[in-house]
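**Student:** Here you go, start_35.cif (mmCIF, C-alpha atoms):
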```
data_work
#
loop_
_atom_site.group_PDB
_atom_site.id
_atom_site.type_symbol
_atom_site.label_atom_id
_atom_site.label_comp_id
_atom_site.auth_asym_id
_atom_site.auth_seq_id
_atom_site.Cartn_x
_atom_site.Cartn_y
_atom_site.Cartn_z
ATOM 1 C CA ASP X 1 17.252 13.118 -8.240
ATOM 2 C CA ALA X 2 20.707 12.079 -9.359
ATOM 3 C CA GLY X 3 23.538 13.019 -7.076
ATOM 4 C CA VAL X 4 26.975 14.157 -8.116
ATOM 5 C CA THR X 5 28.320 11.870 -10.817
ATOM 6 C CA GLN X 6 31.984 11.401 -11.613
ATOM 7 C CA SER X 7 33.693 9.541 -14.398
ATOM 8 C CA PRO X 8 35.609 7.375 -14.734
ATOM 9 C CA THR X 9 35.404 5.529 -11.413
ATOM 10 C CA HIS X 10 38.865 4.024 -11.715
ATOM 11 C CA LEU X 11 41.855 4.914 -13.830
ATOM 12 C CA ILE X 12 45.413 3.669 -14.169
ATOM 13 C CA LYS X 13 47.971 5.940 -15.814
ATOM 14 C CA THR X 14 51.716 5.913 -16.350
ATOM 15 C CA ARG X 15 54.062 8.555 -14.973
ATOM 16 C CA GLY X 16 54.304 11.546 -17.287
ATOM 17 C CA GLN X 17 50.878 11.028 -18.843
ATOM 18 C CA HIS X 18 47.937 13.384 -18.723
ATOM 19 C CA VAL X 19 44.505 12.658 -17.219
ATOM 20 C CA THR X 20 41.065 14.267 -17.440
ATOM 21 C CA LEU X 21 38.443 13.635 -14.769
ATOM 22 C CA ARG X 22 34.813 14.647 -15.213
ATOM 23 C CA CYS X 23 32.058 15.722 -12.855
ATOM 24 C CA SER X 24 28.361 16.457 -13.250
ATOM 25 C CA PRO X 25 26.842 18.389 -10.329
ATOM 26 C CA ILE X 26 23.428 17.933 -8.787
ATOM 27 C CA SER X 27 20.766 19.515 -10.990
ATOM 28 C CA GLY X 28 20.401 23.180 -10.084
ATOM 29 C CA HIS X 29 23.786 23.430 -8.398
ATOM 30 C CA LYS X 30 26.078 26.054 -9.843
ATOM 31 C CA SER X 31 29.275 25.436 -7.915
ATOM 32 C CA VAL X 32 31.739 22.585 -8.295
ATOM 33 C CA SER X 33 34.799 21.941 -6.157
ATOM 34 C CA TRP X 34 37.576 19.400 -6.559
ATOM 35 C CA TYR X 35 39.413 17.650 -3.743
ATOM 36 C CA GLN X 36 42.263 15.153 -3.576
ATOM 37 C CA GLN X 37 42.126 12.456 -0.912
ATOM 38 C CA VAL X 38 45.228 10.413 -0.254
ATOM 39 C CA LEU X 39 44.693 7.108 1.570
ATOM 40 C CA GLY X 40 44.300 7.645 5.295
ATOM 41 C CA GLN X 41 43.953 11.420 5.030
ATOM 42 C CA GLY X 42 41.105 13.913 4.757
ATOM 43 C CA PRO X 43 40.325 15.507 1.394
ATOM 44 C CA GLN X 44 42.501 18.454 0.325
ATOM 45 C CA PHE X 45 40.997 21.357 -1.623
ATOM 46 C CA ILE X 46 42.192 21.792 -5.213
ATOM 47 C CA PHE X 47 39.752 24.161 -6.976
ATOM 48 C CA GLN X 48 36.342 25.737 -6.730
ATOM 49 C CA TYR X 49 34.312 26.986 -9.682
ATOM 50 C CA TYR X 50 31.109 29.008 -9.420
ATOM 51 C CA GLU X 51 29.179 30.254 -12.413
ATOM 52 C CA LYS X 52 32.009 29.047 -14.664
ATOM 53 C CA GLU X 53 34.647 31.159 -12.979
ATOM 54 C CA GLU X 54 37.473 29.967 -10.745
ATOM 55 C CA ARG X 55 36.724 31.186 -7.240
ATOM 56 C CA GLY X 56 39.418 29.408 -5.286
ATOM 57 C CA ARG X 57 42.604 27.421 -5.727
ATOM 58 C CA GLY X 58 44.387 25.228 -3.221
ATOM 59 C CA ASN X 59 48.085 24.610 -2.789
ATOM 60 C CA PHE X 60 48.597 22.390 -5.837
ATOM 61 C CA PRO X 61 51.132 22.794 -8.666
ATOM 62 C CA ASP X 62 50.280 24.279 -12.039
ATOM 63 C CA ARG X 63 50.082 20.759 -13.463
ATOM 64 C CA PHE X 64 46.560 20.782 -12.052
ATOM 65 C CA SER X 65 43.934 22.753 -13.944
ATOM 66 C CA ALA X 66 40.172 22.733 -14.213
ATOM 67 C CA ARG X 67 37.256 24.348 -15.937
ATOM 68 C CA GLN X 68 33.494 24.558 -15.665
ATOM 69 C CA PHE X 69 31.183 24.381 -18.642
ATOM 70 C CA PRO X 70 27.937 26.312 -19.357
ATOM 71 C CA ASN X 71 25.905 23.343 -18.075
ATOM 72 C CA TYR X 72 27.927 23.567 -14.794
ATOM 73 C CA SER X 73 29.716 20.263 -15.331
ATOM 74 C CA SER X 74 33.441 20.352 -14.744
ATOM 75 C CA GLU X 75 36.744 18.783 -15.752
ATOM 76 C CA LEU X 76 39.911 18.386 -13.729
ATOM 77 C CA ASN X 77 43.091 17.991 -15.750
ATOM 78 C CA VAL X 78 46.425 16.813 -14.415
ATOM 79 C CA ASN X 79 49.529 16.938 -16.595
ATOM 80 C CA ALA X 80 52.870 15.164 -16.237
ATOM 81 C CA LEU X 81 51.533 12.684 -13.718
ATOM 82 C CA LEU X 82 53.688 11.725 -10.752
ATOM 83 C CA LEU X 83 53.428 8.640 -8.544
ATOM 84 C CA GLY X 84 52.336 10.967 -5.742
ATOM 85 C CA ASP X 85 49.247 11.984 -7.711
ATOM 86 C CA SER X 86 47.738 8.575 -6.959
ATOM 87 C CA ALA X 87 44.645 9.338 -4.893
ATOM 88 C CA LEU X 88 40.863 9.488 -4.802
ATOM 89 C CA TYR X 89 39.728 12.627 -6.625
ATOM 90 C CA LEU X 90 36.447 13.959 -5.330
ATOM 91 C CA CYS X 91 34.042 16.388 -6.869
ATOM 92 C CA ALA X 92 31.588 18.300 -4.669
ATOM 93 C CA SER X 93 28.639 20.334 -5.814
ATOM 94 C CA SER X 94 26.735 23.055 -4.008
ATOM 95 C CA PHE X 95 23.935 25.405 -4.941
ATOM 96 C CA ARG X 96 26.217 28.316 -4.343
ATOM 97 C CA GLY X 97 29.875 28.288 -3.371
ATOM 98 C CA TRP X 98 29.174 28.754 0.314
ATOM 99 C CA THR X 99 26.289 26.355 0.905
ATOM 100 C CA GLU X 100 26.340 22.645 1.803
ATOM 101 C CA ALA X 101 28.671 20.581 -0.366
ATOM 102 C CA PHE X 102 27.644 17.138 -1.612
ATOM 103 C CA PHE X 103 30.304 14.772 -2.871
ATOM 104 C CA GLY X 104 30.387 12.278 -5.686
ATOM 105 C CA GLN X 105 31.794 8.764 -5.434
ATOM 106 C CA GLY X 106 35.176 9.893 -6.629
ATOM 107 C CA THR X 107 37.639 8.778 -9.271
ATOM 108 C CA ARG X 108 40.403 6.531 -8.012
ATOM 109 C CA LEU X 109 43.567 7.392 -9.932
ATOM 110 C CA THR X 110 46.564 5.102 -9.792
ATOM 111 C CA VAL X 111 49.819 6.286 -11.338
ATOM 112 C CA VAL X 112 52.370 3.558 -12.075
ATOM 113 C CA GLN I 1 50.196 22.550 13.336
ATOM 114 C CA LYS I 2 47.243 21.447 11.240
ATOM 115 C CA GLU I 3 44.230 23.761 11.077
ATOM 116 C CA VAL I 4 41.935 20.861 12.004
ATOM 117 C CA GLU I 5 42.984 18.015 14.277
ATOM 118 C CA GLN I 6 41.069 14.740 14.451
ATOM 119 C CA ASP I 7 42.103 11.528 16.168
ATOM 120 C CA PRO I 8 42.366 8.897 13.410
ATOM 121 C CA GLY I 9 41.488 6.062 15.778
ATOM 122 C CA PRO I 10 40.656 3.326 15.068
ATOM 123 C CA LEU I 11 37.706 3.388 17.457
ATOM 124 C CA SER I 12 35.831 0.152 18.163
ATOM 125 C CA VAL I 13 32.631 0.012 20.243
ATOM 126 C CA PRO I 14 29.834 -2.523 20.812
ATOM 127 C CA GLU I 15 26.497 -2.204 19.079
ATOM 128 C CA GLY I 16 24.098 0.072 20.946
ATOM 129 C CA ALA I 17 26.831 2.200 22.530
ATOM 130 C CA ILE I 18 26.943 5.997 22.368
ATOM 131 C CA VAL I 19 29.826 7.131 20.188
ATOM 132 C CA SER I 20 31.583 10.452 20.615
ATOM 133 C CA LEU I 21 33.750 11.815 17.795
ATOM 134 C CA ASN I 22 35.673 15.069 18.126
ATOM 135 C CA CYS I 23 37.727 17.649 16.278
ATOM 136 C CA THR I 24 39.679 20.660 17.399
ATOM 137 C CA TYR I 25 40.648 23.583 15.213
ATOM 138 C CA SER I 26 42.899 26.607 15.365
ATOM 139 C CA ASN I 27 41.336 29.053 12.874
ATOM 140 C CA SER I 28 38.863 31.305 14.681
ATOM 141 C CA ALA I 29 37.435 32.401 11.304
ATOM 142 C CA PHE I 30 35.679 29.052 10.826
ATOM 143 C CA GLN I 31 31.907 29.562 10.941
ATOM 144 C CA TYR I 32 30.451 26.487 9.232
ATOM 145 C CA PHE I 33 30.975 23.015 10.623
ATOM 146 C CA MET I 34 30.172 19.720 8.954
ATOM 147 C CA TRP I 35 30.388 16.018 9.599
ATOM 148 C CA TYR I 36 30.733 13.580 6.739
ATOM 149 C CA ARG I 37 30.560 9.786 6.788
ATOM 150 C CA GLN I 38 32.736 7.908 4.319
ATOM 151 C CA TYR I 39 32.431 4.209 3.642
ATOM 152 C CA SER I 40 35.453 2.402 2.245
ATOM 153 C CA ARG I 41 36.246 3.440 -1.327
ATOM 154 C CA LYS I 42 33.221 5.758 -1.501
ATOM 155 C CA GLY I 43 32.766 9.522 -1.496
ATOM 156 C CA PRO I 44 31.957 11.396 1.738
ATOM 157 C CA GLU I 45 28.260 11.660 2.636
ATOM 158 C CA LEU I 46 27.075 14.814 4.420
ATOM 159 C CA LEU I 47 25.584 13.981 7.834
ATOM 160 C CA MET I 48 25.353 17.279 9.684
ATOM 161 C CA TYR I 49 25.784 20.946 8.747
ATOM 162 C CA THR I 50 25.826 23.608 11.432
ATOM 163 C CA TYR I 51 26.513 27.308 11.548
ATOM 164 C CA SER I 52 28.372 28.914 14.465
ATOM 165 C CA SER I 53 27.959 27.543 17.980
ATOM 166 C CA GLY I 54 25.262 25.320 19.412
ATOM 167 C CA ASN I 55 23.705 21.902 18.995
ATOM 168 C CA LYS I 56 21.895 20.249 16.124
ATOM 169 C CA GLU I 57 20.099 16.937 16.260
ATOM 170 C CA ASP I 58 19.050 14.638 13.407
ATOM 171 C CA GLY I 59 17.728 11.240 14.394
ATOM 172 C CA ARG I 60 20.472 9.330 16.196
ATOM 173 C CA PHE I 61 23.061 12.007 15.406
ATOM 174 C CA THR I 62 23.828 15.142 17.423
ATOM 175 C CA ALA I 63 26.417 17.722 16.423
ATOM 176 C CA GLN I 64 27.838 20.194 18.935
ATOM 177 C CA VAL I 65 29.980 23.246 18.263
ATOM 178 C CA ASP I 66 31.855 25.126 20.982
ATOM 179 C CA LYS I 67 33.562 28.037 19.286
ATOM 180 C CA SER I 68 35.012 29.373 22.527
ATOM 181 C CA SER I 69 37.004 26.154 22.891
ATOM 182 C CA LYS I 70 37.421 25.595 19.131
ATOM 183 C CA TYR I 71 35.984 22.121 19.598
ATOM 184 C CA ILE I 72 33.281 20.232 17.724
ATOM 185 C CA SER I 73 31.679 16.881 18.437
ATOM 186 C CA LEU I 74 29.424 14.326 16.809
ATOM 187 C CA PHE I 75 27.445 11.936 18.986
ATOM 188 C CA ILE I 76 25.875 8.769 17.626
ATOM 189 C CA ARG I 77 23.228 7.152 19.823
ATOM 190 C CA ASP I 78 22.196 3.495 19.618
ATOM 191 C CA SER I 79 25.099 2.771 17.282
ATOM 192 C CA GLN I 80 24.571 0.147 14.586
ATOM 193 C CA PRO I 81 27.049 -2.005 12.621
ATOM 194 C CA SER I 82 25.993 -0.007 9.540
ATOM 195 C CA ASP I 83 27.520 3.076 11.221
ATOM 196 C CA SER I 84 30.954 1.513 10.753
ATOM 197 C CA ALA I 85 32.802 3.981 8.528
ATOM 198 C CA THR I 86 35.316 6.822 8.607
ATOM 199 C CA TYR I 87 33.900 10.066 10.002
ATOM 200 C CA LEU I 88 35.358 13.312 8.705
ATOM 201 C CA CYS I 89 34.884 16.712 10.277
ATOM 202 C CA ALA I 90 35.103 19.702 7.952
ATOM 203 C CA MET I 91 34.829 23.437 8.401
ATOM 204 C CA LYS I 92 35.079 26.711 6.548
ATOM 205 C CA GLY I 93 34.973 30.432 7.103
ATOM 206 C CA GLN I 94 32.307 32.925 6.070
ATOM 207 C CA GLY I 95 32.544 33.388 2.323
ATOM 208 C CA ALA I 96 35.423 30.935 2.053
ATOM 209 C CA GLN I 97 35.653 28.657 -0.928
ATOM 210 C CA LYS I 98 37.294 25.642 0.579
ATOM 211 C CA LEU I 99 36.394 23.076 3.188
ATOM 212 C CA VAL I 100 39.203 22.171 5.568
ATOM 213 C CA PHE I 101 38.964 18.555 6.674
ATOM 214 C CA GLY I 102 40.272 16.596 9.598
ATOM 215 C CA GLN I 103 42.127 13.358 8.990
ATOM 216 C CA GLY I 104 39.027 11.266 9.705
ATOM 217 C CA THR I 105 38.262 8.799 12.516
ATOM 218 C CA ARG I 106 37.803 5.172 11.575
ATOM 219 C CA LEU I 107 34.878 3.740 13.563
ATOM 220 C CA THR I 108 33.840 0.085 13.887
ATOM 221 C CA ILE I 109 30.602 -0.977 15.587
ATOM 222 C CA ASN I 110 30.796 -4.586 16.708
ATOM 223 C CA PRO I 111 27.558 -6.674 16.692
#
```
For this file, write the structure as C-alpha cells.
**Tutor:**
Amino acid sequence: DAGVTQSPTHLIKTRGQHVTLRCSPISGHKSVSWYQQVLGQGPQFIFQYYEKEERGRGNFPDRFSARQFPNYSSELNVNALLLGDSALYLCASSFRGWTEAFFGQGTRLTVV
Amino acid sequence: QKEVEQDPGPLSVPEGAIVSLNCTYSNSAFQYFMWYRQYSRKGPELLMYTYSSGNKEDGRFTAQVDKSSKYISLFIRDSQPSDSATYLCAMKGQGAQKLVFGQGTRLTINP
C-alpha cells in the first residue's frame, strides 16, 4: 500500500509569491493534517481536515489556507510568501481525525 | 513555557547500549502519546502509539507513560547505527485535532 504522498518534494519561491502544496492520504484515510517544521524544531500544526471540512486550525496567519477534495486529497496554499515561511511542510493522514497519524516525506520550501 | 519539553541533545551512545529518551508536558488533558523517528530530510515515521498511562513494547522499543508525573519515555534496547535519527515525542487530548510535538532529540549510535 502506498503511504502518504506529497508533491513537490522541493520548491524554491521568491518573496511575495504564492505556493500550492499537494497531499494524497493513505487509501481509506479520511483525515488530512498539515504541519510546518522549521529546521531544528518539532512540527507545528497548521490545519486539519476531516470529511472535507476544516476541523482545526493552528496559530498561522490568514495567508495560509487549505482544502480537502472529494477523494480526500488536500492542498495547502500560502500567499505572499515571507522568508520565514521556509520550512519542511508535512502532511499527515489518519483514518479518522483522532486516530494514529502517518506522515508523508514532506515538501521542502525555500523562500528567497 | 512550552506545552511539551524535550531535550534536543545531541545524544551519542555506543552500539548495543540501551537508550532512554524523555519528554515532559504541562497539559493534563493529553491522553494520546506518540513517538516518531525522523531521518534527516525525511518525514516523521510513527514508532509507538499509546493511550493514557502504562507501558507498551514493540520489538526493541518500549514506551512508558506516567501521567501523574506528566512524563513519557522511549527506551531502545540493543541500539543499532540505523537507529541514528531525531526522535520526536508528540501528544494530543481526547477529541483534539492537533498533535503537539517536542523539539526532538538527535540521537547518534556509534559502531
**Student:** Output the contact residues of chain X with respect to chain I at a cut-off of 7 Å, based on only C-alpha atoms, as a list in words.
**Tutor:**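 Residues satisfying the distance criterion: Gln41, Gly42, Pro43, Phe45, Gln48, Arg55, Gly56, Leu90, Gly97, Trp98, Phe102, Phe103, Gly104, Gln105 and Gly106 of chain X.
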**Student:** Given the choices I:Lys70, I:Lys2, I:Arg60, I:Arg37, which gets closest to Gly16 in chain I if the distance is worked out from all atoms listed in the file?
**Tutor:**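 Comparing I:Lys70, I:Lys2, I:Arg60, I:Arg37 against Gly16 in chain I, the winner is I:Arg60.
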**Student:** Expand the PyMOL selection byres ((chain X and resi 54) around 10) into the individual residues it matches in the shown file, reporting them as a PyMOL selection string.
**Tutor:** chain X and resi 31-33+47-53+55-57+66-68
**Student:** Using CA of Val13 in chain I and CA of Leu107 in chain I as the two end points, give the distance in Å to one decimal.
**Tutor:**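 CA of Val13 in chain I sits 8.0 Å away from CA of Leu107 in chain I.
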**Student:** Using only C-alpha atoms, which of I:Ser52, I:Asn22, I:Glu15, I:Glu3 sits nearest Gln80 in chain I?
**Tutor:**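 Under the stated criterion, the closest residue is I:Glu15.
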**Student:** What lies within 6 Å of Thr62 in chain I using all atoms listed in the file, ignoring chain neighbours under 4 positions off, as a PyMOL selection string?
**Tutor:** chain I and resi 56-57+74-75
**Student:** Under the PyMOL selection byres ((chain X and resi 46) around 7), which residues of this model are included? Write them out as a PyMOL selection string.
**Tutor:** chain X and resi 34-36+44-45+47+57-60
**Student:** Any idea what's packed within 9 Å of Leu83 in chain X, counting all atoms listed in the file, ignoring anything in its chain fewer than 2 positions away? Could you give it as a compact mmCIF listing (two decimals) with C-alpha atoms, in the coordinates of the input?
**Tutor:**
```txt
# COMPACT_ATOMS: atom_id res chain seq x y z
CA THR X 14 51.72 5.91 -16.35
CA ARG X 15 54.06 8.56 -14.97
CA LEU X 81 51.53 12.68 -13.72
CA ASP X 85 49.25 11.98 -7.71
CA SER X 86 47.74 8.57 -6.96
CA THR X 110 46.56 5.10 -9.79
CA VAL X 111 49.82 6.29 -11.34
CA VAL X 112 52.37 3.56 -12.08
```
**Student:** Which value, in Å to one decimal, gives the distance between CA of Ile76 in chain I and CA of Ser93 in chain X?
**Tutor:** 26.3 Å
**Student:** Written as a ChimeraX atom specification, what is the full residue list that the PyMOL selection byres ((chain X and resi 17-26) around 7) yields on the file shown?
**Tutor:** /X:2-8,13-16,27-29,32,72-81,91,93
**Student:** In Å, how far is it from CA of Arg77 in chain I to CA of Gly54 in chain I?
**Tutor:** 18.3 Å
**Student:** Just want the 10 Å neighbourhood of Pro14 in chain I, counted on all atoms listed in the file, with same-chain residues fewer than 3 positions away dropped. Output as a tab-separated table (two decimals) with C-alpha atoms, in the coordinates of the input.
**Tutor:**
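Result went into selection_38.tsv, see below:
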```tsv
chain	number	residue	atom	x	y	z
I	17	ALA	CA	26.83	2.20	22.53
I	18	ILE	CA	26.94	6.00	22.37
I	19	VAL	CA	29.83	7.13	20.19
I	78	ASP	CA	22.20	3.50	19.62
I	79	SER	CA	25.10	2.77	17.28
I	80	GLN	CA	24.57	0.15	14.59
I	81	PRO	CA	27.05	-2.00	12.62
I	108	THR	CA	33.84	0.08	13.89
I	109	ILE	CA	30.60	-0.98	15.59
I	110	ASN	CA	30.80	-4.59	16.71
I	111	PRO	CA	27.56	-6.67	16.69
```
**Student:** Using only C-alpha atoms, what residues lie at most 7 Å away from (29.1, 2.6, 5.9) (file coordinates), given as a list in words?
**Tutor:** Gln38, Tyr39, Ser82, Asp83, Ser84 and Ala85 of chain I
**Student:** Just add N, CA, C and O atoms to range 18-44 of chain X and send it as a PDB file, in the frame of the given file.
**Tutor:**
```
ATOM      1  N   HIS X  18      48.943  12.387 -19.081  1.00  0.00           N
ATOM      2  CA  HIS X  18      47.937  13.384 -18.723  1.00  0.00           C
ATOM      3  C   HIS X  18      46.617  12.675 -18.434  1.00  0.00           C
ATOM      4  O   HIS X  18      46.333  11.616 -19.004  1.00  0.00           O
ATOM      5  N   VAL X  19      45.791  13.260 -17.536  1.00  0.00           N
ATOM      6  CA  VAL X  19      44.505  12.658 -17.219  1.00  0.00           C
ATOM      7  C   VAL X  19      43.434  13.734 -17.140  1.00  0.00           C
ATOM      8  O   VAL X  19      43.717  14.888 -16.744  1.00  0.00           O
ATOM      9  N   THR X  20      42.227  13.376 -17.560  1.00  0.00           N
ATOM     10  CA  THR X  20      41.065  14.267 -17.440  1.00  0.00           C
ATOM     11  C   THR X  20      39.975  13.551 -16.668  1.00  0.00           C
ATOM     12  O   THR X  20      39.578  12.437 -17.024  1.00  0.00           O
ATOM     13  N   LEU X  21      39.519  14.172 -15.599  1.00  0.00           N
ATOM     14  CA  LEU X  21      38.443  13.635 -14.769  1.00  0.00           C
ATOM     15  C   LEU X  21      37.226  14.524 -14.941  1.00  0.00           C
ATOM     16  O   LEU X  21      37.350  15.746 -15.067  1.00  0.00           O
ATOM     17  N   ARG X  22      36.037  13.910 -14.929  1.00  0.00           N
ATOM     18  CA  ARG X  22      34.813  14.647 -15.213  1.00  0.00           C
ATOM     19  C   ARG X  22      33.818  14.562 -14.062  1.00  0.00           C
ATOM     20  O   ARG X  22      33.768  13.562 -13.349  1.00  0.00           O
ATOM     21  N   CYS X  23      33.014  15.614 -13.956  1.00  0.00           N
ATOM     22  CA  CYS X  23      32.058  15.722 -12.855  1.00  0.00           C
ATOM     23  C   CYS X  23      30.792  16.405 -13.345  1.00  0.00           C
ATOM     24  O   CYS X  23      30.855  17.454 -14.003  1.00  0.00           O
ATOM     25  N   SER X  24      29.648  15.812 -13.000  1.00  0.00           N
ATOM     26  CA  SER X  24      28.361  16.457 -13.250  1.00  0.00           C
ATOM     27  C   SER X  24      27.715  16.764 -11.910  1.00  0.00           C
ATOM     28  O   SER X  24      27.492  15.845 -11.113  1.00  0.00           O
ATOM     29  N   PRO X  25      27.403  18.028 -11.636  1.00  0.00           N
ATOM     30  CA  PRO X  25      26.842  18.389 -10.329  1.00  0.00           C
ATOM     31  C   PRO X  25      25.376  18.004 -10.221  1.00  0.00           C
ATOM     32  O   PRO X  25      24.741  17.627 -11.204  1.00  0.00           O
ATOM     33  N   ILE X  26      24.860  18.108  -9.023  1.00  0.00           N
ATOM     34  CA  ILE X  26      23.428  17.933  -8.787  1.00  0.00           C
ATOM     35  C   ILE X  26      22.672  18.991  -9.595  1.00  0.00           C
ATOM     36  O   ILE X  26      23.121  20.151  -9.677  1.00  0.00           O
ATOM     37  N   SER X  27      21.556  18.591 -10.187  1.00  0.00           N
ATOM     38  CA  SER X  27      20.766  19.515 -10.990  1.00  0.00           C
ATOM     39  C   SER X  27      20.405  20.757 -10.182  1.00  0.00           C
ATOM     40  O   SER X  27      19.903  20.672  -9.054  1.00  0.00           O
ATOM     41  N   GLY X  28      20.683  21.926 -10.762  1.00  0.00           N
ATOM     42  CA  GLY X  28      20.401  23.180 -10.084  1.00  0.00           C
ATOM     43  C   GLY X  28      21.575  23.752  -9.321  1.00  0.00           C
ATOM     44  O   GLY X  28      21.556  24.922  -8.928  1.00  0.00           O
ATOM     45  N   HIS X  29      22.596  22.933  -9.088  1.00  0.00           N
ATOM     46  CA  HIS X  29      23.786  23.430  -8.398  1.00  0.00           C
ATOM     47  C   HIS X  29      24.708  24.126  -9.390  1.00  0.00           C
ATOM     48  O   HIS X  29      24.942  23.631 -10.486  1.00  0.00           O
ATOM     49  N   LYS X  30      25.263  25.248  -8.946  1.00  0.00           N
ATOM     50  CA  LYS X  30      26.078  26.054  -9.843  1.00  0.00           C
ATOM     51  C   LYS X  30      27.556  26.052  -9.483  1.00  0.00           C
ATOM     52  O   LYS X  30      28.367  26.629 -10.200  1.00  0.00           O
ATOM     53  N   SER X  31      27.891  25.431  -8.364  1.00  0.00           N
ATOM     54  CA  SER X  31      29.275  25.436  -7.915  1.00  0.00           C
ATOM     55  C   SER X  31      29.823  24.014  -7.865  1.00  0.00           C
ATOM     56  O   SER X  31      29.134  23.092  -7.406  1.00  0.00           O
ATOM     57  N   VAL X  32      31.047  23.870  -8.337  1.00  0.00           N
ATOM     58  CA  VAL X  32      31.739  22.585  -8.295  1.00  0.00           C
ATOM     59  C   VAL X  32      33.117  22.796  -7.674  1.00  0.00           C
ATOM     60  O   VAL X  32      33.814  23.757  -8.027  1.00  0.00           O
ATOM     61  N   SER X  33      33.469  21.904  -6.761  1.00  0.00           N
ATOM     62  CA  SER X  33      34.799  21.941  -6.157  1.00  0.00           C
ATOM     63  C   SER X  33      35.471  20.593  -6.363  1.00  0.00           C
ATOM     64  O   SER X  33      34.800  19.570  -6.428  1.00  0.00           O
ATOM     65  N   TRP X  34      36.782  20.618  -6.428  1.00  0.00           N
ATOM     66  CA  TRP X  34      37.576  19.400  -6.559  1.00  0.00           C
ATOM     67  C   TRP X  34      38.469  19.235  -5.341  1.00  0.00           C
ATOM     68  O   TRP X  34      39.052  20.210  -4.855  1.00  0.00           O
ATOM     69  N   TYR X  35      38.568  17.990  -4.883  1.00  0.00           N
ATOM     70  CA  TYR X  35      39.413  17.650  -3.743  1.00  0.00           C
ATOM     71  C   TYR X  35      40.228  16.405  -4.076  1.00  0.00           C
ATOM     72  O   TYR X  35      39.790  15.532  -4.837  1.00  0.00           O
ATOM     73  N   GLN X  36      41.420  16.339  -3.473  1.00  0.00           N
ATOM     74  CA  GLN X  36      42.263  15.153  -3.576  1.00  0.00           C
ATOM     75  C   GLN X  36      42.311  14.488  -2.210  1.00  0.00           C
ATOM     76  O   GLN X  36      42.573  15.157  -1.207  1.00  0.00           O
ATOM     77  N   GLN X  37      42.059  13.178  -2.176  1.00  0.00           N
ATOM     78  CA  GLN X  37      42.126  12.456  -0.912  1.00  0.00           C
ATOM     79  C   GLN X  37      43.124  11.310  -1.027  1.00  0.00           C
ATOM     80  O   GLN X  37      42.878  10.324  -1.723  1.00  0.00           O
ATOM     81  N   VAL X  38      44.225  11.463  -0.339  1.00  0.00           N
ATOM     82  CA  VAL X  38      45.228  10.413  -0.254  1.00  0.00           C
ATOM     83  C   VAL X  38      44.790   9.430   0.825  1.00  0.00           C
ATOM     84  O   VAL X  38      44.176   9.821   1.819  1.00  0.00           O
ATOM     85  N   LEU X  39      45.117   8.161   0.649  1.00  0.00           N
ATOM     86  CA  LEU X  39      44.693   7.108   1.570  1.00  0.00           C
ATOM     87  C   LEU X  39      45.067   7.453   3.016  1.00  0.00           C
ATOM     88  O   LEU X  39      46.207   7.815   3.304  1.00  0.00           O
ATOM     89  N   GLY X  40      44.064   7.395   3.885  1.00  0.00           N
ATOM     90  CA  GLY X  40      44.300   7.645   5.295  1.00  0.00           C
ATOM     91  C   GLY X  40      44.271   9.102   5.697  1.00  0.00           C
ATOM     92  O   GLY X  40      44.502   9.417   6.870  1.00  0.00           O
ATOM     93  N   GLN X  41      43.987   9.989   4.744  1.00  0.00           N
ATOM     94  CA  GLN X  41      43.953  11.420   5.030  1.00  0.00           C
ATOM     95  C   GLN X  41      42.591  12.004   4.662  1.00  0.00           C
ATOM     96  O   GLN X  41      41.815  11.405   3.927  1.00  0.00           O
ATOM     97  N   GLY X  42      42.303  13.207   5.172  1.00  0.00           N
ATOM     98  CA  GLY X  42      41.105  13.913   4.757  1.00  0.00           C
ATOM     99  C   GLY X  42      41.298  14.548   3.389  1.00  0.00           C
ATOM    100  O   GLY X  42      42.432  14.741   2.941  1.00  0.00           O
ATOM    101  N   PRO X  43      40.216  14.860   2.709  1.00  0.00           N
ATOM    102  CA  PRO X  43      40.325  15.507   1.394  1.00  0.00           C
ATOM    103  C   PRO X  43      41.024  16.864   1.478  1.00  0.00           C
ATOM    104  O   PRO X  43      40.863  17.596   2.455  1.00  0.00           O
ATOM    105  N   GLN X  44      41.801  17.174   0.436  1.00  0.00           N
ATOM    106  CA  GLN X  44      42.501  18.454   0.325  1.00  0.00           C
ATOM    107  C   GLN X  44      41.916  19.229  -0.857  1.00  0.00           C
ATOM    108  O   GLN X  44      41.783  18.697  -1.952  1.00  0.00           O
TER     109      GLN X  44
END
```
